[in-house]
file input32.txt (compact mmCIF, C-alpha atoms)
# COMPACT_ATOMS: atom_id res chain seq x y z
CA MET A 6 15.46 24.31 -8.58
CA THR A 7 14.36 27.86 -7.74
CA ASN A 8 14.88 28.85 -4.11
CA GLN A 9 11.99 30.98 -2.95
CA ASN A 10 13.37 31.90 0.46
CA ASN A 11 13.47 35.54 -0.62
CA LYS A 12 10.13 36.90 0.63
CA GLU A 13 10.08 39.55 -2.10
CA GLU A 14 9.75 36.78 -4.69
CA ILE A 15 6.75 35.17 -3.00
CA ARG A 16 3.15 36.29 -3.32
CA ARG A 17 1.93 35.35 0.12
CA SER A 18 -1.46 33.74 0.67
CA CYS A 19 -3.30 31.37 3.01
CA ILE A 20 -0.47 28.83 2.89
CA ASP A 21 1.89 31.41 4.44
CA CYS A 22 -0.44 32.14 7.38
CA ALA A 23 -0.06 31.00 10.99
CA VAL A 24 -2.90 33.17 12.32
CA ILE A 25 -5.99 31.48 10.81
CA ASN A 26 -8.26 34.30 11.90
CA CYS A 27 -10.74 33.19 9.23
CA ASP A 28 -11.62 30.26 11.50
CA LYS A 29 -12.58 31.87 14.84
CA GLN A 30 -12.11 35.57 14.09
CA ASP A 31 -10.46 36.22 17.44
CA LYS A 32 -7.23 37.75 16.09
CA MET A 33 -6.09 40.25 13.49
CA TYR A 34 -5.84 39.26 9.83
CA PRO A 35 -2.28 39.47 8.44
CA ASP A 36 -1.65 42.15 5.83
CA PHE A 37 -1.65 39.65 2.94
CA CYS A 38 -4.82 37.81 4.02
CA PRO A 39 -7.13 37.01 1.07
CA THR A 40 -10.21 37.08 3.33
CA ALA A 41 -9.49 40.62 4.47
CA LYS A 42 -9.19 41.75 0.85
CA LEU A 43 -12.26 39.99 -0.57
CA ASP A 44 -14.91 42.04 -2.27
CA GLU A 45 -18.36 41.65 -0.68
CA GLU A 46 -19.91 40.97 -4.07
CA PHE A 47 -17.49 38.10 -4.64
CA ILE A 48 -18.38 36.63 -1.23
CA ASN A 49 -22.10 36.87 -1.94
CA GLU A 50 -21.73 35.31 -5.39
CA THR A 51 -19.91 32.37 -3.83
CA ARG A 52 -22.49 32.03 -1.05
CA LYS A 53 -25.26 31.82 -3.65
CA GLN A 54 -23.53 28.86 -5.29
CA TYR A 55 -23.85 26.89 -2.05
CA VAL A 56 -27.50 27.82 -1.65
CA GLU A 57 -29.03 28.15 -5.11
CA ASP A 58 -27.45 25.09 -6.78
CA GLU A 59 -29.45 22.07 -5.61
CA GLU A 60 -26.55 19.59 -5.67
CA ASN A 61 -24.15 22.02 -4.01
CA ALA A 62 -26.67 22.68 -1.24
CA ARG A 63 -27.27 18.98 -0.67
CA VAL A 64 -23.56 18.18 -0.52
CA THR A 65 -22.73 21.18 1.66
CA LEU A 66 -25.32 20.31 4.29
CA ALA A 67 -24.46 16.61 4.24
CA ALA A 68 -20.72 17.24 4.63
CA ALA A 69 -21.25 19.69 7.49
CA ASN A 70 -23.50 17.28 9.36
CA VAL A 71 -21.14 14.34 8.89
CA GLU A 72 -18.35 16.44 10.39
CA PHE A 73 -20.49 17.70 13.28
CA GLU A 74 -22.14 14.41 14.18
CA ASN A 75 -19.00 12.26 14.00
CA TYR A 76 -16.14 14.61 14.86
CA CYS A 77 -13.09 12.54 15.86
CA THR A 78 -15.22 9.42 16.32
CA MET A 79 -15.44 7.92 12.82
CA THR A 80 -12.79 6.64 10.45
CA ARG A 81 -12.65 7.89 6.87
CA ILE A 82 -14.52 4.89 5.46
CA GLU A 83 -17.28 5.32 8.05
CA GLU A 84 -17.59 9.00 7.22
CA ILE A 85 -17.84 8.15 3.51
CA MET A 86 -20.76 5.85 4.25
CA GLU A 87 -22.46 8.47 6.40
CA PHE A 88 -22.00 11.06 3.68
CA ALA A 89 -23.35 8.65 1.06
CA ARG A 90 -26.47 8.04 3.13
CA LYS A 91 -27.08 11.73 3.62
CA ILE A 92 -26.92 12.46 -0.11
CA GLU A 93 -28.98 9.31 -0.77
CA ALA A 94 -26.18 7.67 -2.75
CA LYS A 95 -27.07 4.01 -3.07
CA LYS A 96 -24.57 2.86 -5.69
CA LEU A 97 -20.89 3.44 -4.97
CA GLY A 98 -18.10 3.28 -7.53
CA ILE A 99 -14.55 2.35 -6.57
CA ALA A 100 -11.67 3.46 -8.79
CA THR A 101 -8.70 1.54 -7.47
CA CYS A 102 -5.05 0.95 -8.22
CA VAL A 103 -4.37 -2.74 -8.90
CA GLY A 104 -1.73 -2.48 -6.18
CA LEU A 105 -4.51 -1.92 -3.67
CA ILE A 106 -6.97 -4.49 -5.02
CA SER A 107 -6.99 -6.35 -1.70
CA GLU A 108 -7.83 -3.16 0.16
CA ALA A 109 -10.46 -2.29 -2.45
CA ARG A 110 -12.09 -5.69 -2.05
CA MET A 111 -12.27 -5.16 1.70
CA ALA A 112 -13.76 -1.69 1.20
CA ALA A 113 -16.38 -3.16 -1.14
CA LYS A 114 -17.16 -5.87 1.41
CA ILE A 115 -17.71 -3.22 4.09
CA PHE A 116 -19.86 -1.05 1.82
CA ARG A 117 -21.98 -4.02 0.77
CA HIS A 118 -22.36 -5.13 4.37
CA HIS A 119 -23.88 -1.72 5.08
CA GLY A 120 -26.37 -1.98 2.25
CA PHE A 121 -24.63 -0.21 -0.62
CA GLU A 122 -24.38 -1.51 -4.16
CA VAL A 123 -20.76 -1.38 -5.32
CA PHE A 124 -19.09 -1.46 -8.73
CA GLY A 125 -15.35 -1.14 -9.15
CA ALA A 126 -12.86 -0.45 -11.92
CA ALA A 127 -9.14 -1.17 -11.55
CA CYS A 128 -6.50 1.08 -13.06
CA LYS A 129 -5.28 -1.49 -15.62
CA VAL A 130 -8.77 -2.13 -17.00
CA GLY A 131 -8.67 -2.52 -20.77
CA ALA A 132 -5.11 -3.91 -20.65
CA MET A 133 -3.86 -1.11 -22.95
CA LEU A 134 -0.15 -0.90 -23.71
CA LYS A 135 1.60 2.25 -22.55
CA THR A 136 3.21 2.67 -25.95
CA SER A 137 -0.23 2.67 -27.61
CA VAL A 138 -0.87 6.21 -26.33
CA GLY A 139 2.64 7.55 -26.87
CA ILE A 140 4.17 6.75 -23.48
CA ASP A 141 7.91 6.13 -23.85
CA ALA A 142 8.87 2.44 -23.89
CA GLN A 143 11.28 2.99 -21.00
CA CYS A 144 8.22 3.38 -18.74
CA GLU A 145 7.49 -0.31 -19.34
CA ALA A 146 10.19 -1.01 -16.73
CA VAL A 147 7.45 -0.69 -14.10
CA GLY A 148 4.80 -2.50 -16.17
CA LYS A 149 3.86 -2.66 -19.84
CA ASN A 150 0.17 -1.81 -19.49
CA MET A 151 -0.92 1.75 -18.80
CA CYS A 152 -3.05 3.02 -15.96
CA ASN A 153 -6.40 3.90 -17.51
CA PRO A 154 -8.25 6.46 -15.37
CA ILE A 155 -10.41 7.74 -18.24
CA MET A 156 -11.72 4.23 -18.87
CA GLN A 157 -12.25 3.76 -15.13
CA ALA A 158 -14.40 6.89 -15.10
CA LYS A 159 -16.29 5.85 -18.24
CA LEU A 160 -17.11 2.44 -16.80
CA LEU A 161 -18.41 3.95 -13.58
CA ASN A 162 -20.35 6.52 -15.58
CA GLU A 163 -22.00 3.69 -17.53
CA GLU A 164 -22.93 2.06 -14.24
CA LYS A 165 -24.52 5.35 -13.15
CA THR A 166 -22.81 5.32 -9.77
CA ASP A 167 -23.99 7.93 -7.27
CA LEU A 168 -20.65 8.51 -5.56
CA ASN A 169 -17.17 7.46 -6.70
CA ILE A 170 -14.39 6.58 -4.30
CA VAL A 171 -10.73 6.79 -5.29
CA MET A 172 -8.35 4.23 -3.82
CA GLY A 173 -4.67 4.82 -4.49
CA LEU A 174 -4.64 6.11 -8.06
CA CYS A 175 -1.27 7.54 -9.09
CA VAL A 176 -0.59 11.26 -9.10
CA GLY A 177 -2.08 12.62 -12.32
CA HIS A 178 -4.10 9.50 -12.98
CA ASP A 179 -6.35 10.57 -10.12
CA SER A 180 -6.62 14.00 -11.77
CA LEU A 181 -7.89 12.48 -15.00
CA PHE A 182 -10.34 10.28 -13.12
CA TYR A 183 -11.80 13.31 -11.30
CA LYS A 184 -12.00 15.15 -14.62
CA TYR A 185 -14.04 12.46 -16.39
CA SER A 186 -16.19 11.17 -13.55
CA ASN A 187 -19.84 12.16 -13.86
CA ALA A 188 -20.53 11.39 -10.20
CA LEU A 189 -19.20 13.23 -7.20
CA CYS A 190 -15.85 11.89 -6.03
CA THR A 191 -14.17 11.43 -2.69
CA THR A 192 -10.86 9.79 -1.74
CA LEU A 193 -10.38 6.89 0.63
CA VAL A 194 -6.70 6.20 -0.05
CA THR A 195 -4.02 8.55 -1.39
CA LYS A 196 -1.09 6.67 -2.89
CA ASP A 197 2.38 7.04 -1.42
CA ARG A 198 4.42 3.92 -2.10
CA VAL A 199 7.30 5.05 0.14
CA LEU A 200 5.20 5.95 3.17
CA ALA A 201 2.63 3.13 3.16
CA HIS A 202 0.04 5.49 1.65
CA ASN A 203 0.40 8.07 4.43
CA PRO A 204 1.76 11.08 2.49
CA VAL A 205 1.28 13.53 5.36
CA ALA A 206 4.09 11.78 7.26
CA VAL A 207 6.72 13.57 5.17
CA LEU A 208 5.29 16.95 6.23
CA TYR A 209 5.82 16.03 9.88
CA GLN A 210 9.44 15.10 9.16
CA ALA A 211 10.42 17.81 6.65
CA ASN A 212 12.28 19.73 9.36
CA ALA A 213 13.86 16.59 10.79
CA TYR A 214 14.60 13.18 9.31
CA TYR A 215 13.37 14.05 5.81
CA SER A 216 14.94 17.49 5.62
CA LYS A 217 16.35 16.74 2.15
CA LEU A 218 13.11 18.19 0.73
CA LEU A 219 14.16 21.63 1.97
CA LYS A 220 17.78 21.50 0.85

call {"tool": "encode", "arguments": {"input": "input32.txt", "output": "structure tokens"}}
result
Amino acid sequence: MTNQNNKEEIRRSCIDCAVINCDKQDKMYPDFCPTAKLDEEFINETRKQYVEDEENARVTLAAANVEFENYCTMTRIEEIMEFARKIEAKKLGIATCVGLISEARMAAKIFRHHGFEVFGAACKVGAMLKTSVGIDAQCEAVGKNMCNPIMQAKLLNEEKTDLNIVMGLCVGHDSLFYKYSNALCTTLVTKDRVLAHNPVAVLYQANAYYSKLLK
């Protein structure tokens, strides 16, 4: 594994910043700050994409208002419903891992209780063998049938869902689902089998009990 502790080997960017002057603009930008180096034309081109594209404008305003109106008062699932209402999404798609089918059923129950139509697709839909797409047979040790995010997306596309919600798809499988989904996507659950689906926990412990990640 390459050790990038040598600062000369690292191209520094936002992830190396502890100033965050781009938020309140009450400090000095660090020398490597991307914001300080941005061309005005590039900024204006990006701004136009939020304003001139109808869907982008609708989503941008809805997201900002959900944050403002419910800051630190709503859970993620409540915010998803608020966002869905603001973009007039009436039919929600759930792309779930079979390992979280109980949680997905509860999410669907909550969504339906609040007036949404819901259609879901589980990751093993189609019951396709892993070996049928070239996955090595040794991977059958954790199950013979493959996760099928492309089929999940296609099924939700056929249902013409307005907003798709990801629940615990594996790393990479979620990437393919996002790629093939026609509808906007958001995430309710991010899978982390070790940390009870709370992956941020390891970041809080990387300098302490889980320091092996930095060794």

call {"tool": "closest_residue", "arguments": {"input": "input32.txt", "among": "A:Lys129, A:Lys95, A:Lys53, A:Lys165", "to": "Lys149 in chain A", "atoms": "all atoms listed in the file"}}
result
A:Lys129

call {"tool": "atom_distance", "arguments": {"input": "input32.txt", "atom1": "CA of Ala41 in chain A", "atom2": "CA of Ser18 in chain A"}}
result
11.2 Å

call {"tool": "atom_distance", "arguments": {"input": "input32.txt", "atom1": "CA of Val103 in chain A", "atom2": "CA of Cys144 in chain A"}}
result
17.1 Å

call {"tool": "residues_around", "arguments": {"input": "input32.txt", "residues": "Ile92 in chain A", "least_positions_apart": "2", "cutoff": "9 Å", "atoms": "all atoms listed in the file", "output": "PyMOL selection string"}}
result
chain A and resi 63-64+67+87-90+94-95+167

call {"tool": "write_last_selection", "arguments": {"input": "input32.txt", "atoms": "C-alpha atoms", "output": "PDB file, in the coordinates of the input"}}
result
ATOM      1  CA  ARG A  63     -27.270  18.980  -0.670  1.00  0.00           C
ATOM      2  CA  VAL A  64     -23.560  18.180  -0.520  1.00  0.00           C
ATOM      3  CA  ALA A  67     -24.460  16.610   4.240  1.00  0.00           C
ATOM      4  CA  GLU A  87     -22.460   8.470   6.400  1.00  0.00           C
ATOM      5  CA  PHE A  88     -22.000  11.060   3.680  1.00  0.00           C
ATOM      6  CA  ALA A  89     -23.350   8.650   1.060  1.00  0.00           C
ATOM      7  CA  ARG A  90     -26.470   8.040   3.130  1.00  0.00           C
ATOM      8  CA  ALA A  94     -26.180   7.670  -2.750  1.00  0.00           C
ATOM      9  CA  LYS A  95     -27.070   4.010  -3.070  1.00  0.00           C
ATOM     10  CA  ASP A 167     -23.990   7.930  -7.270  1.00  0.00           C
TER      11      ASP A 167
END

call {"tool": "residues_around", "arguments": {"input": "input32.txt", "residues": "range 181-185 of chain A", "least_positions_apart": "4", "cutoff": "7 Å", "atoms": "all atoms listed in the file", "output": "PyMOL selection string"}}
result
chain A and resi 154-155+158+177+190

call {"tool": "atom_distance", "arguments": {"input": "input32.txt", "atom1": "CA of Thr191 in chain A", "atom2": "CA of Glu84 in chain A"}}
result
10.8 Å

call {"tool": "residues_around", "arguments": {"input": "input32.txt", "residues": "Ile85 in chain A", "least_positions_apart": "5", "cutoff": "9 Å", "atoms": "all atoms listed in the file", "output": "PyMOL selection string"}}
result
chain A and resi 71+80+90+170+191-193

call {"tool": "decode", "arguments": {"input": "input32.txt", "residues": "range 71-90 of chain A", "atoms": "N, CA, C and O atoms", "output": "CSV table (one decimal), in the first residue's frame"}}
result
chain,number,residue,atom,x,y,z
A,71,VAL,N,-36.1,21.8,2.3
A,71,VAL,CA,-36.1,20.7,3.3
A,71,VAL,C,-35.1,20.9,4.4
A,71,VAL,O,-35.4,20.7,5.6
A,72,GLU,N,-33.9,21.2,4.0
A,72,GLU,CA,-32.9,21.5,5.0
A,72,GLU,C,-33.2,22.6,5.9
A,72,GLU,O,-33.2,22.5,7.1
A,73,PHE,N,-33.7,23.7,5.3
A,73,PHE,CA,-34.0,24.9,6.1
A,73,PHE,C,-35.2,24.7,7.1
A,73,PHE,O,-35.1,25.0,8.3
A,74,GLU,N,-36.2,24.1,6.6
A,74,GLU,CA,-37.5,23.9,7.3
A,74,GLU,C,-37.4,22.9,8.4
A,74,GLU,O,-38.1,22.9,9.4
A,75,ASN,N,-36.4,21.9,8.3
A,75,ASN,CA,-36.4,20.8,9.2
A,75,ASN,C,-35.1,20.5,9.8
A,75,ASN,O,-34.8,19.4,10.2
A,76,TYR,N,-34.2,21.5,9.8
A,76,TYR,CA,-32.8,21.4,10.3
A,76,TYR,C,-32.8,20.8,11.7
A,76,TYR,O,-33.3,21.4,12.6
A,77,CYS,N,-32.2,19.6,11.8
A,77,CYS,CA,-32.0,18.9,13.1
A,77,CYS,C,-33.3,18.6,13.8
A,77,CYS,O,-33.3,18.4,15.0
A,78,THR,N,-34.4,18.5,13.0
A,78,THR,CA,-35.6,18.1,13.6
A,78,THR,C,-36.2,16.9,13.0
A,78,THR,O,-37.1,16.2,13.6
A,79,MET,N,-35.8,16.5,11.8
A,79,MET,CA,-36.4,15.4,11.1
A,79,MET,C,-35.3,14.3,10.9
A,79,MET,O,-34.1,14.6,10.6
A,80,THR,N,-35.8,13.0,10.9
A,80,THR,CA,-34.9,11.9,10.6
A,80,THR,C,-34.8,11.8,9.1
A,80,THR,O,-35.5,12.5,8.3
A,81,ARG,N,-33.9,11.0,8.6
A,81,ARG,CA,-33.6,10.9,7.2
A,81,ARG,C,-34.9,10.4,6.4
A,81,ARG,O,-35.2,11.0,5.3
A,82,ILE,N,-35.6,9.5,6.9
A,82,ILE,CA,-36.8,9.0,6.2
A,82,ILE,C,-37.9,10.1,6.1
A,82,ILE,O,-38.6,10.2,5.1
A,83,GLU,N,-38.0,10.9,7.2
A,83,GLU,CA,-38.9,12.0,7.1
A,83,GLU,C,-38.5,13.1,6.1
A,83,GLU,O,-39.3,13.6,5.4
A,84,GLU,N,-37.2,13.4,6.1
A,84,GLU,CA,-36.7,14.3,5.1
A,84,GLU,C,-36.9,13.8,3.7
A,84,GLU,O,-37.2,14.6,2.8
A,85,ILE,N,-36.7,12.5,3.4
A,85,ILE,CA,-37.0,11.9,2.1
A,85,ILE,C,-38.5,12.2,1.7
A,85,ILE,O,-38.7,12.6,0.6
A,86,MET,N,-39.4,12.0,2.6
A,86,MET,CA,-40.8,12.2,2.3
A,86,MET,C,-41.1,13.7,2.1
A,86,MET,O,-41.8,14.0,1.1
A,87,GLU,N,-40.5,14.6,2.8
A,87,GLU,CA,-40.6,16.0,2.6
A,87,GLU,C,-40.1,16.4,1.2
A,87,GLU,O,-40.7,17.2,0.5
A,88,PHE,N,-38.9,15.9,0.9
A,88,PHE,CA,-38.3,16.2,-0.4
A,88,PHE,C,-39.2,15.6,-1.5
A,88,PHE,O,-39.5,16.3,-2.5
A,89,ALA,N,-39.7,14.4,-1.4
A,89,ALA,CA,-40.6,13.8,-2.4
A,89,ALA,C,-41.8,14.7,-2.6
A,89,ALA,O,-42.2,14.9,-3.8
A,90,ARG,N,-42.4,15.2,-1.5
A,90,ARG,CA,-43.6,16.0,-1.7
A,90,ARG,C,-43.3,17.3,-2.5
A,90,ARG,O,-44.0,17.8,-3.3
